[in-house]
Amino acid sequence: MEMILDIASGAFLAAGSFLVLVGTIGMLRLPDFFTRLHAAGITDTLGAELLLIGMMLQAGFSLVTVKLILISLFIFFTSPTATHAVANAARTMGLKPALVSDEDIEATSVRRGSAK
Amino acid sequence: MSLLFEHMAALQVAVPLLSAPVCSLLRGGRQPWFLALAVSWFAFFASISLLIQVLDSGDISYHMGNWAPPFGIEYRVDAINAFVLLIISGISAVALPYARLSVAHEVDPRRHGQFYTAYLLCLTGLLGGTITGDAFNIFVFLEISSLSAYVLVAAGARQDRRALTAAYNYLVLGTVGATFFVIGIGLLYMVTGTLNITDLAERLPPLVDNRAVQAGFAFIIVGMGLKLAMFPMHTWLPNAYTYAPSTVTVFLASTATKVSVYVVLRFLFTVFGPSYGFVGLTFEYIFLPLAILAMFIGSAAAIYQTNLKRLFAYSSVAQLGYMVLGIALGNVAGLTATVLHLFNHALMKGALFMALGCVALRIGAVSINGVRGLGREMPWTFAAIAGAGLSLIGVPSTVGFISKWYLILGALENGWWPVAVLIVASSLLAVIYVWKIIEAAYFGAAPEGRGPVSEAPLEMLAPLWLMVVANFYFGIDADLTTSVAGKVAATFLGGGS
Amino acid sequence: MFIGATAALLVAMALTLIRAFAGPTLFDRVLAVNSFGTKTVLLIGALGFLTDRPEFLDIALLYALVNFIGTIAVLKFFRYRNLGLSSAESADREEID
Amino acid sequence: MVHIVGLGASLFGFWLLMSGHFGPLLISLGGASVLLVLYIAHRMDLYDRETFPMHLKGWIFGYWGWLAKEVFKANIDVAKIVLAPSLPISPRVVRVKATQKTDLGMVIFANSITLTPGTVAVDIEGDEIIVHALSQELADGVLNGDMDGRVTALEER
Amino acid sequence: MLDAILAHYNYWLIIILMMIGLYIVISRGNLVKKIVGLNIFQTSVFLLYITLAKVTGGTAPILTGKPEIFSNPLPHVLILTAIVVGIATTALGFALVVRIRESYGSIEEDDILAAERAEEEIAVKEALS
Amino acid sequence: MKHHLILRVVSKLLIPFILLFALYVQFHGDYGPGGGFQAGVLFASAFILYALIFGVDNAREVLPSKALRFLVPVGLIIYALTGFAGIVMGGKFLDYDVLAQDPQHGQHLGILVIEFGVGTTVAAVMVTIFYAYAGRTRDVDDEDW
Amino acid sequence: MGAEMITIVNIVLLTMLCFSAVAIMLLRHLFAVAALTGAFSLLSAGLLVALDAVDVAFTEAAVGGGISTVLMLGTLALTQRREHRPPRFSLPALLVVIATGGALIYATSDMPAYGDPNAPALQHVVPVYIEGSRNDIGVPNIVTSILASYRGYDTLGEVAVIFTAGIGVMFLLGRRREDEDDEGMVRHGPGNDPESSEPEETAS
Amino acid sequence: MSTEMALALTLLIPSLGGIAIAWAGRYPNLREAVTLITASVLFAVVISLLQQVADGGAPTLMLIEVLPGLPLMLKVEPLGMLFGCVASGLWIVNSLYSFGYMRGTNETNQTRFYICFAIAIASSMGIAFAGNMFTLFIFYEILTISTYPLVAHKQNAEARSGARLYLGLLIGTSIGFQLVAIIWTWVAAGTLDFTIGGILRDKIDPTMLPILLALYMFGIGKAALMPFHRWLPAAMVAPTPVSALLHAVAVVKAGVFTVLKVVIYIFGIELLSETGASGWLIWVASFTLLAASLVAISKDNLKARLAYSTISQLSYIILGAALASSLGVLGGALHIATHALGKITLFMCAGAIYVATHKTEISDMQGLGRVMPFTFAAFCIGALSIIGLPPFAGSWSKWYLALAAADTGMVLVIAVLMISSLLNVAYLMPVVARGFFRPAPAPQPVGAAVAPGARFGLAEAPLLCVIPPCLTALGCLVLFFYADEVVDLLRPIVG
């Protein structure tokens, strides 16, 4: 049982680490802010949660697990909110997404602020 | 009552500390001032009783929280810090009666509560930093006083916006200084494992050659040097003193740098001890030239000032040079001079800045131009400036003379001839800038457009003259101060490890 | 196991920091810093396991919180310059209530 | 009132979970703390359906399971794109009609969109959510209305 | 082995950090940047203290019932205090910056100095007239 | 005007838990990391979050400046009075041993009380400072912005 | 193994700290600086965790990442968002910095090695604290027992410092929107104040 | 009245007088009455001490111990007694003269003038009766500061700059050199008490003695040893009574008095003569003596000429001290009195001329002697006394000095004395000659409106300006006959 838990948690940790790295690479590689949002999303969601699950498996049923769950819940709520907030701010401040066709941009009229 | 005396060391700081938040709860009017006054007088009373206790029955050790040192924080009162406590609380006790009208004139009335709260905090910090026997506690309390001092200096912004930049520069340099001090303490802690000053003193001697100790020494000195405006690190001082409200200038100029000097003394003599090779080298190759430069550059800069507050602020830089010089001399006489000058300089600068506050109350800005011919209209104020100015010069029968006497004595004892000559030469510079004012006030014609000016109110004149009289009294009967200072110096050099 | 995760997190943090430095827009930086914060939270968790003292997750929780507030604060202040502009928002709020 | 009790209970549960100490002192402090928080929450006007979504009941966990699957799939997709040497992206900005009636539903929908990598809810305009997608396929995953429907269903149950 | 090489490596990095912070304080003309530099400088000092408190193989100084080696808790306490002092200073510093900006219209040292010098010259002229 | 919707909803959800977390930190300083100072900061940050999302004016309604002006000194007074209590009850300043029937209880009580004082002052000061900043309007619009 | 990993973590984190400090120095967009300062604080807090200073890490995160970032943002909102002057090289600053760093590096050669369990700092007072915390005070968190009891007086000072900051900020920035404060603060000095013509009270 | 009491009164009377003058400031007559009464009472008190001193007593008053071993102390000895008598006695005369002068020229701020004058006298008394060097130094500084307002009395730019130089040089030298010397002495000897025979024997390396002596000599700026003499001419901007005070009553006398005190009681004559430490001083003094006389000849302004004359005359006293023989010291001490009488006469005459005619340049004074015969007669007597011709007092002091020079074998010094006497004639007599023997220029000088005796064709200054110089001129004559008594009084100081 111990063994299985170890292996499982190891797998989760490995997968989580991998996804975190991929997300980071994406943040570096992708061409503009809006596309990078997506890469950042990888880290924040699946990467983080997988790592946390890996840790929970290690910790067993204890206060630690409870706290890990709370952390994961917290990240689950805040991370998309923060991402949205950044994206929203960028859009309202007039930052234009790259590689998006013009009619799309027009469809999303800029509401506030002037070009930076 | 015996309870009171038994805990006097703790109460010395705890009462002002408690009174500060209480003060901020008070609602306007005279209440905050009155509380500050009462607390200052209590502190004065406490410091007197502590000094008597110390002189009668030796050092007092008070264990905060009843934890024995070095585990808990210890208050350790010996002759020197009892003396410094007396200076601080004494100045505060005299400055506060003076403060009410001056502050009412210079500080926004709706902020008086906050102003006096900050003042009380400053007092608390200075007292706490002085009385404590724990190196880190010094830092904490000095920061209380520094932070409140930044606020107090910035309070002058109502008069002149430059108070803000002055406070900002003071803040940046003060914080760098404090941080250096913390680094120094950290290095000492690293190799000794203790923060208690007495304990440090016991544990350091085997570590003379330890480089961490040496670096720690350097950091402590530089850090405190910044706080005490030791010569090349004095740049914050002139503007801070110039643009702060008068009361604040009186209080800070007479006390804040003194506490830093005290801390330097404490570390140099109690903790390290002059017998350490590197300490002696510091005296001769760093303190001595810096002190002399401070004396001359400070005085020379003072001569060229048109703003009188800044003039005396630069003079403070020079006077701090004297104190450092006394340390640099490294003998009993020199050290006596430093300790004496802590007191004496507080008296003379307190009186001078008080007088300038009186002038500011009547004519606003205190420029050399503005005070022309005022000697006749404000005779008492300017007589006070003249008296305290003489003391600043070091004319015999004033306190300034006593300090210089011991300084020269110290220089001669070391056979440092040129130094003795330089000391007197620098006091000649003081003649020039003091006389500039006297001449303008008494023999200058009033600038056009200035209406009749009345003498400052008695409420301000009385404390002012108390200080002036003290300048002369302690210059003629120097027995009390010199015996305490001499005792302190002897303890440092003889008894200090 | 945790060593691997820690190493990966460290690498990821370093790369994120580069993005935070490179920008080019403020939003890129904020995004990077936010993501950086998340990774720090994970790192703290991993470190807790690495040192066998996993009960310090309170700190991780705090970090997640601070990170969130920090991000929101940057955006709010950057957009509105101050927070006195609440009249529009209070109207906003009344609309909901 | 239900909200208050519900919030209080969950706060107290939160306290117990965090604390791990069940001495009388800490429990009573916990109780006091919960009351204080409730008072502040009351002052902050937080007692409404948003704060304590009791009406969502247990159904939310089913939705979360589905969402987890979607998130997982999307992660793989985006990871592939990021790691592909050619970086095959074709960003799109699309408007998605949201059919939720409540704010909370809308928020769950928008956050779900953001949570799935490849799509980010950039803004909410009226009942439309403006979404930035990394590629057309990923955008289609939102546009097909599957998620929207599930969130709306969640809301109605 | 590694530890032997790294015996002081941590310290050196902290010192470099400290130097960067101090350099920012002294060389930057922007008042906000100066305060940030001050923060970096102080943080590095905090790290110095905490580093000296670290014991290899030790753990955080919280009693668990098991016999353990603890890192030195005293520097932690000191630094807690120092952090508080730091934030207090920062808050005051920023408040001053805001007021300076309101009075001078700038937070660049050069501009402020220029304005002050101009004022000073006027004052001196008045004094000489 | 719904572009704060997400933030608002999520914050409403989070704030009570942040507040409670702060209180948890306050009272569990004995057992784990944390204590009055950290708790105070956390508590304040909950208010700051509230102010960020709902505006400072609303935050002021929840926690008026007058209350703050009272709370700021009160924490420090509590702390200092604990110190004086030590003297009054026959010990030294800040001596907790004498506060209760036996030293260990006294220590516990003392630590609890002073930590409470610390938390109060810190939280109040932090919120005060934030109000002071956020409540001030900018005075210039220059090309910088 | 774990311990060595921690050492490596330390060094990597420290390197990142230095990097972000340099970035802060070079960046002229002050909001970016604020964001990076937040990251800097989180990083240093992470490092503090790695160094077993959990309480400090807790504080540093809350203060550095939270409050001071928010304060800096508030300041920027009220001032400006860009540094006007480009970074310039300053020789005196460099000399001062090198002197400081030199003194410290000089000191390191005689410092106890990193993590040395026999360091003098651990031998003298600390064992008493650990035992005292266990027996006299009965508080598991040694840091708390030192902070609140052994050195409770320092903490009193610390609260006073925070109180001072509160009073100071209130004094300086006051409350211009307060109903009881219906009159604007007097704050401008005499002279050519470009903003003095602006109304003190800006209704929102 | 106990002697301590009397001693204390010598300080208290002028101080209280100053306060009383301030109080009476609004009523000029009362003010001047107070001044005069104070001066008279003071003189009486000083005289009351005279007998005791003449009998060899040394009334002592311990005021306070400022620092351990450093008391403020008064102690009367013959030299101090002499100076005390001179200063307090001449104050009366000078006060009388001041009333006339100050009213005659309608000066402003007269109350301040009298107050400062009183303080200056008080400090002169302090100097005279100081029991140790420290006490002396304190009163020395008070004297400097209290005379500053007197010098700057006119408050115009010239007066201010003159006063600035006055104060700068005096404070500068006193703090810069004298204080150092005092502290050095204290460090070396452990005391500063004035002791016959000196306190420095075996206490200090003989090679350092000249340096210490130099510090003292140049530190006593009031003695106007070149190159620190500039303050004296600069201070000529002051009203004439002030000049009289400076030159005759208090200031320069205090300077040379201090020189003598230092030489006699600090170094000891024997020590100096044994070690020859004062050899250099002889030449400096001689140089000053001659150079100042030469400068005096070149000055056309009467007061400037007198000022340089003073510088030159002071060097006689210093020379006497530098010779380090008992005769020299006696001569020097005697010269304090004789020169005081002579010089005050000359100054008062110069002032009287100014009051009457507003003339300051010697070249303008042709024929004035005929309209102001009393003034010019007094001037003539004063001049003769200064030159050192019998039967005037000045001859005695020069005599003693010449004897001392001969005694010590300093032939060159004798020559210097001779030459200087000739120079004295050269710069003083032309004034007299011009006044009496040159015809007045065509338009007769317009005398002061109230000039008494105008109907006799005279245009003298007010009576109060004329009587005092006549009195002092008489004094010059009288002192010639009573010089022996003075010398007897002084004898104890040389052991």
# chains A, B, ... in the order shown; residues from 1 in each chain; ligands from 1
call {"tool": "interface_residues", "arguments": {"of": "chain C", "to": "chain E", "cutoff": "10 Å", "atoms": "only C-alpha atoms", "output": "count of residues only"}}
result
4
call {"tool": "interface_residues", "arguments": {"of": "chain F", "to": "chain G", "cutoff": "6 Å", "atoms": "only C-alpha atoms", "output": "PDB file with N, CA and C atoms, in the first residue's frame"}}
result
ATOM      1  N   ASP F  30       1.216  30.052  19.083  1.00  0.00           N
ATOM      2  CA  ASP F  30       1.933  29.204  20.033  1.00  0.00           C
ATOM      3  C   ASP F  30       2.400  27.905  19.393  1.00  0.00           C
ATOM      4  N   TYR F  31       1.598  27.437  18.436  1.00  0.00           N
ATOM      5  CA  TYR F  31       1.835  26.078  17.953  1.00  0.00           C
ATOM      6  C   TYR F  31       2.571  26.044  16.631  1.00  0.00           C
ATOM      7  N   GLY F  32       2.315  27.005  15.803  1.00  0.00           N
ATOM      8  CA  GLY F  32       2.955  26.990  14.500  1.00  0.00           C
ATOM      9  C   GLY F  32       3.401  28.381  14.131  1.00  0.00           C
ATOM     10  N   PRO F  33       3.814  28.540  12.913  1.00  0.00           N
ATOM     11  CA  PRO F  33       4.243  29.875  12.502  1.00  0.00           C
ATOM     12  C   PRO F  33       3.085  30.848  12.599  1.00  0.00           C
ATOM     13  N   GLY F  34       3.404  32.031  12.932  1.00  0.00           N
ATOM     14  CA  GLY F  34       2.353  33.045  12.993  1.00  0.00           C
ATOM     15  C   GLY F  34       2.315  33.683  14.339  1.00  0.00           C
ATOM     16  N   GLN F  38       1.600  38.732  12.137  1.00  0.00           N
ATOM     17  CA  GLN F  38       1.183  38.153  10.867  1.00  0.00           C
ATOM     18  C   GLN F  38      -0.330  38.180  10.747  1.00  0.00           C
ATOM     19  N   GLN F 104       3.330  28.878  34.342  1.00  0.00           N
ATOM     20  CA  GLN F 104       3.087  28.471  32.968  1.00  0.00           C
ATOM     21  C   GLN F 104       1.756  29.020  32.446  1.00  0.00           C
ATOM     22  N   GLN F 107       2.285  32.613  31.776  1.00  0.00           N
ATOM     23  CA  GLN F 107       2.953  32.838  30.495  1.00  0.00           C
ATOM     24  C   GLN F 107       1.973  32.712  29.341  1.00  0.00           C
ATOM     25  N   ILE F 111       1.088  35.763  26.910  1.00  0.00           N
ATOM     26  CA  ILE F 111       1.379  35.718  25.483  1.00  0.00           C
ATOM     27  C   ILE F 111       0.109  35.924  24.668  1.00  0.00           C
ATOM     28  N   VAL F 125      -3.356  49.586  12.086  1.00  0.00           N
ATOM     29  CA  VAL F 125      -2.405  50.485  11.436  1.00  0.00           C
ATOM     30  C   VAL F 125      -2.354  50.208   9.945  1.00  0.00           C
ATOM     31  N   ALA F 132      -5.263  55.805   4.111  1.00  0.00           N
ATOM     32  CA  ALA F 132      -4.617  57.097   3.877  1.00  0.00           C
ATOM     33  C   ALA F 132      -4.144  57.196   2.430  1.00  0.00           C
ATOM     34  N   TYR F 133      -3.586  56.109   1.938  1.00  0.00           N
ATOM     35  CA  TYR F 133      -3.090  56.150   0.555  1.00  0.00           C
ATOM     36  C   TYR F 133      -4.233  56.168  -0.429  1.00  0.00           C
ATOM     37  N   ARG F 138      -5.318  61.575  -6.613  1.00  0.00           N
ATOM     38  CA  ARG F 138      -4.126  62.078  -7.297  1.00  0.00           C
ATOM     39  C   ARG F 138      -4.364  63.532  -7.650  1.00  0.00           C
TER      40      ARG F 138
END
call {"tool": "interface_residues", "arguments": {"of": "chain C", "to": "chain A", "cutoff": "7 Å", "atoms": "only C-alpha atoms", "output": "list in words"}}
result
Met1, Ala5, Ala8, Leu9, Ala12, Leu15, Thr16, Arg19, Phe27, Asp28, Leu31, Ser35, Thr38, Leu42, Pro54, Glu55, Leu57, Leu61, Ala64, Phe68, Thr71, Ile72 and Leu75 of chain C
call {"tool": "write_last_selection", "arguments": {"atoms": "N, CA, C and O atoms", "output": "PDB file, in the first residue's frame"}}
result
ATOM      1  N   MET C   1      12.190  12.152  -5.258  1.00  0.00           N
ATOM      2  CA  MET C   1      10.878  12.476  -5.834  1.00  0.00           C
ATOM      3  C   MET C   1      10.576  13.966  -5.676  1.00  0.00           C
ATOM      4  O   MET C   1      10.390  14.675  -6.650  1.00  0.00           O
ATOM      5  N   ALA C   5      10.798  17.344  -8.155  1.00  0.00           N
ATOM      6  CA  ALA C   5       9.760  18.370  -8.256  1.00  0.00           C
ATOM      7  C   ALA C   5      10.331  19.730  -7.895  1.00  0.00           C
ATOM      8  O   ALA C   5      10.079  20.738  -8.572  1.00  0.00           O
ATOM      9  N   ALA C   8      12.462  21.016 -10.680  1.00  0.00           N
ATOM     10  CA  ALA C   8      11.632  21.486 -11.796  1.00  0.00           C
ATOM     11  C   ALA C   8      11.026  22.837 -11.458  1.00  0.00           C
ATOM     12  O   ALA C   8      11.011  23.753 -12.289  1.00  0.00           O
ATOM     13  N   LEU C   9      10.546  22.958 -10.236  1.00  0.00           N
ATOM     14  CA  LEU C   9       9.938  24.224  -9.838  1.00  0.00           C
ATOM     15  C   LEU C   9      10.949  25.353  -9.881  1.00  0.00           C
ATOM     16  O   LEU C   9      10.648  26.459 -10.332  1.00  0.00           O
ATOM     17  N   ALA C  12      11.513  26.331 -13.380  1.00  0.00           N
ATOM     18  CA  ALA C  12      10.346  27.059 -13.878  1.00  0.00           C
ATOM     19  C   ALA C  12      10.319  28.473 -13.318  1.00  0.00           C
ATOM     20  O   ALA C  12      10.021  29.441 -14.030  1.00  0.00           O
ATOM     21  N   LEU C  15      12.779  30.651 -15.119  1.00  0.00           N
ATOM     22  CA  LEU C  15      12.319  31.043 -16.450  1.00  0.00           C
ATOM     23  C   LEU C  15      11.222  32.109 -16.339  1.00  0.00           C
ATOM     24  O   LEU C  15      11.192  33.073 -17.104  1.00  0.00           O
ATOM     25  N   THR C  16      10.354  31.915 -15.373  1.00  0.00           N
ATOM     26  CA  THR C  16       9.281  32.885 -15.208  1.00  0.00           C
ATOM     27  C   THR C  16       9.836  34.263 -14.884  1.00  0.00           C
ATOM     28  O   THR C  16       9.333  35.284 -15.347  1.00  0.00           O
ATOM     29  N   ARG C  19      10.761  36.087 -17.873  1.00  0.00           N
ATOM     30  CA  ARG C  19       9.609  36.713 -18.524  1.00  0.00           C
ATOM     31  C   ARG C  19       9.220  37.982 -17.757  1.00  0.00           C
ATOM     32  O   ARG C  19       8.902  39.020 -18.366  1.00  0.00           O
ATOM     33  N   PHE C  27       1.406  43.864 -18.328  1.00  0.00           N
ATOM     34  CA  PHE C  27       0.533  42.712 -18.092  1.00  0.00           C
ATOM     35  C   PHE C  27       1.311  41.417 -18.159  1.00  0.00           C
ATOM     36  O   PHE C  27       1.047  40.478 -17.414  1.00  0.00           O
ATOM     37  N   ASP C  28       2.285  41.395 -19.071  1.00  0.00           N
ATOM     38  CA  ASP C  28       3.142  40.217 -19.120  1.00  0.00           C
ATOM     39  C   ASP C  28       3.828  40.014 -17.787  1.00  0.00           C
ATOM     40  O   ASP C  28       3.914  38.895 -17.273  1.00  0.00           O
ATOM     41  N   LEU C  31       1.401  38.900 -15.123  1.00  0.00           N
ATOM     42  CA  LEU C  31       1.077  37.500 -15.355  1.00  0.00           C
ATOM     43  C   LEU C  31       2.224  36.618 -14.868  1.00  0.00           C
ATOM     44  O   LEU C  31       2.014  35.623 -14.157  1.00  0.00           O
ATOM     45  N   SER C  35       2.141  33.944 -11.857  1.00  0.00           N
ATOM     46  CA  SER C  35       2.506  32.552 -12.071  1.00  0.00           C
ATOM     47  C   SER C  35       3.685  32.162 -11.184  1.00  0.00           C
ATOM     48  O   SER C  35       3.736  31.060 -10.636  1.00  0.00           O
ATOM     49  N   THR C  38       2.419  31.335  -7.787  1.00  0.00           N
ATOM     50  CA  THR C  38       1.855  29.984  -7.698  1.00  0.00           C
ATOM     51  C   THR C  38       2.971  28.960  -7.541  1.00  0.00           C
ATOM     52  O   THR C  38       2.887  28.030  -6.725  1.00  0.00           O
ATOM     53  N   LEU C  42       3.894  26.203  -4.514  1.00  0.00           N
ATOM     54  CA  LEU C  42       4.193  24.784  -4.699  1.00  0.00           C
ATOM     55  C   LEU C  42       5.569  24.456  -4.134  1.00  0.00           C
ATOM     56  O   LEU C  42       5.767  23.412  -3.506  1.00  0.00           O
ATOM     57  N   PRO C  54       6.098  19.003   7.010  1.00  0.00           N
ATOM     58  CA  PRO C  54       5.087  19.512   6.076  1.00  0.00           C
ATOM     59  C   PRO C  54       3.990  20.321   6.749  1.00  0.00           C
ATOM     60  O   PRO C  54       3.039  20.700   6.095  1.00  0.00           O
ATOM     61  N   GLU C  55       4.142  20.604   8.037  1.00  0.00           N
ATOM     62  CA  GLU C  55       3.040  21.332   8.664  1.00  0.00           C
ATOM     63  C   GLU C  55       3.095  22.842   8.428  1.00  0.00           C
ATOM     64  O   GLU C  55       2.311  23.583   8.978  1.00  0.00           O
ATOM     65  N   LEU C  57       2.312  24.401   5.874  1.00  0.00           N
ATOM     66  CA  LEU C  57       1.543  24.774   4.697  1.00  0.00           C
ATOM     67  C   LEU C  57       0.725  26.033   4.919  1.00  0.00           C
ATOM     68  O   LEU C  57       0.254  26.625   3.959  1.00  0.00           O
ATOM     69  N   LEU C  61      -0.412  28.669   2.089  1.00  0.00           N
ATOM     70  CA  LEU C  61      -1.763  29.227   1.964  1.00  0.00           C
ATOM     71  C   LEU C  61      -1.703  30.753   1.956  1.00  0.00           C
ATOM     72  O   LEU C  61      -2.335  31.410   1.125  1.00  0.00           O
ATOM     73  N   ALA C  64      -0.441  32.047  -1.362  1.00  0.00           N
ATOM     74  CA  ALA C  64      -1.449  32.042  -2.420  1.00  0.00           C
ATOM     75  C   ALA C  64      -2.334  33.270  -2.272  1.00  0.00           C
ATOM     76  O   ALA C  64      -2.638  33.969  -3.249  1.00  0.00           O
ATOM     77  N   PHE C  68      -2.572  36.572  -4.774  1.00  0.00           N
ATOM     78  CA  PHE C  68      -3.838  36.988  -5.378  1.00  0.00           C
ATOM     79  C   PHE C  68      -4.090  38.471  -5.120  1.00  0.00           C
ATOM     80  O   PHE C  68      -4.342  39.253  -6.042  1.00  0.00           O
ATOM     81  N   THR C  71      -1.769  40.727  -7.116  1.00  0.00           N
ATOM     82  CA  THR C  71      -2.119  40.850  -8.529  1.00  0.00           C
ATOM     83  C   THR C  71      -3.300  41.796  -8.712  1.00  0.00           C
ATOM     84  O   THR C  71      -3.275  42.699  -9.556  1.00  0.00           O
ATOM     85  N   ILE C  72      -4.323  41.573  -7.899  1.00  0.00           N
ATOM     86  CA  ILE C  72      -5.496  42.434  -8.011  1.00  0.00           C
ATOM     87  C   ILE C  72      -5.103  43.889  -7.759  1.00  0.00           C
ATOM     88  O   ILE C  72      -5.530  44.799  -8.476  1.00  0.00           O
ATOM     89  N   LEU C  75      -3.397  45.583 -10.684  1.00  0.00           N
ATOM     90  CA  LEU C  75      -4.327  45.921 -11.764  1.00  0.00           C
ATOM     91  C   LEU C  75      -5.229  47.075 -11.376  1.00  0.00           C
ATOM     92  O   LEU C  75      -5.444  48.003 -12.159  1.00  0.00           O
TER      93      LEU C  75
END
call {"tool": "interface_residues", "arguments": {"of": "chain E", "to": "chain B", "cutoff": "7 Å", "atoms": "only C-alpha atoms", "output": "ChimeraX atom specification"}}
result
/E:42,45,49,52,89,93,96,100,103,124,127
call {"tool": "write_last_selection", "arguments": {"atoms": "N, CA and C atoms", "output": "CSV table (one decimal), in the first residue's frame"}}
result
chain,number,residue,atom,x,y,z
E,42,GLN,N,17.5,45.9,3.2
E,42,GLN,CA,17.1,45.4,4.5
E,42,GLN,C,16.8,43.9,4.4
E,45,VAL,N,19.8,41.9,4.7
E,45,VAL,CA,20.3,41.8,6.1
E,45,VAL,C,19.4,40.7,6.8
E,49,TYR,N,20.9,37.3,8.7
E,49,TYR,CA,20.6,36.8,10.0
E,49,TYR,C,20.1,35.4,10.0
E,52,LEU,N,22.6,32.8,9.2
E,52,LEU,CA,23.5,32.4,10.4
E,52,LEU,C,22.8,31.6,11.4
E,89,THR,N,9.2,51.8,8.2
E,89,THR,CA,10.0,52.8,7.5
E,89,THR,C,9.5,53.0,6.1
E,93,GLY,N,8.2,56.3,4.4
E,93,GLY,CA,9.0,56.8,3.3
E,93,GLY,C,8.0,57.0,2.1
E,96,LEU,N,6.0,60.1,2.6
E,96,LEU,CA,6.7,61.3,2.3
E,96,LEU,C,6.9,61.5,0.8
E,100,ILE,N,5.9,64.7,-1.2
E,100,ILE,CA,6.8,65.5,-2.0
E,100,ILE,C,6.3,65.7,-3.4
E,103,SER,N,3.9,68.4,-3.4
E,103,SER,CA,4.5,69.8,-3.2
E,103,SER,C,5.4,70.2,-4.4
E,124,VAL,N,18.7,83.7,-1.0
E,124,VAL,CA,20.0,84.4,-0.9
E,124,VAL,C,20.0,85.8,-1.4
E,127,ALA,N,18.4,88.0,0.9
E,127,ALA,CA,19.3,88.3,2.0
E,127,ALA,C,20.4,89.3,1.6
call {"tool": "residues_around", "arguments": {"residues": "D:Leu29", "least_positions_apart": "4", "cutoff": "8 Å", "atoms": "only C-alpha atoms", "output": "ChimeraX atom specification"}}
result
/D:25,33 /F:27
call {"tool": "closest_atom_pairs", "arguments": {"of": "chain E", "to": "chain F", "cutoff": "9 Å", "atoms": "only C-alpha atoms", "output": "CSV"}}
result
residue,atom,partner,partner_atom,distance
E:Ile62,CA,F:Gly32,CA,6.9
E:Leu63,CA,F:Tyr31,CA,8.4
E:Leu80,CA,F:Phe37,CA,8.9
E:Val84,CA,F:Phe37,CA,8.4
E:Ala91,CA,F:Ile129,CA,7.6
E:Ala95,CA,F:Tyr133,CA,7.8
E:Val98,CA,F:Tyr133,CA,8.7
E:Glu102,CA,F:Asp139,CA,7.0
E:Gly105,CA,F:Val140,CA,8.0
call {"tool": "residues_around", "arguments": {"residues": "A:Glu2", "least_positions_apart": "6", "cutoff": "10 Å", "atoms": "only C-alpha atoms", "output": "MDAnalysis selection string"}}
result
chainID A and resid 8 57:58 60
call {"tool": "write_last_selection", "arguments": {"atoms": "N, CA and C atoms", "output": "CSV table (one decimal), in the first residue's frame"}}
result
chain,number,residue,atom,x,y,z
A,8,ALA,N,2.3,6.3,-6.9
A,8,ALA,CA,1.2,7.2,-7.5
A,8,ALA,C,1.6,8.6,-7.3
A,57,LEU,N,-1.0,12.6,-1.5
A,57,LEU,CA,-0.8,11.2,-1.4
A,57,LEU,C,0.3,10.8,-0.4
A,58,GLN,N,1.3,11.6,-0.4
A,58,GLN,CA,2.4,11.4,0.5
A,58,GLN,C,2.0,11.6,1.9
A,60,GLY,N,-0.9,11.4,3.4
A,60,GLY,CA,-1.9,10.5,4.0
A,60,GLY,C,-3.0,11.4,4.6
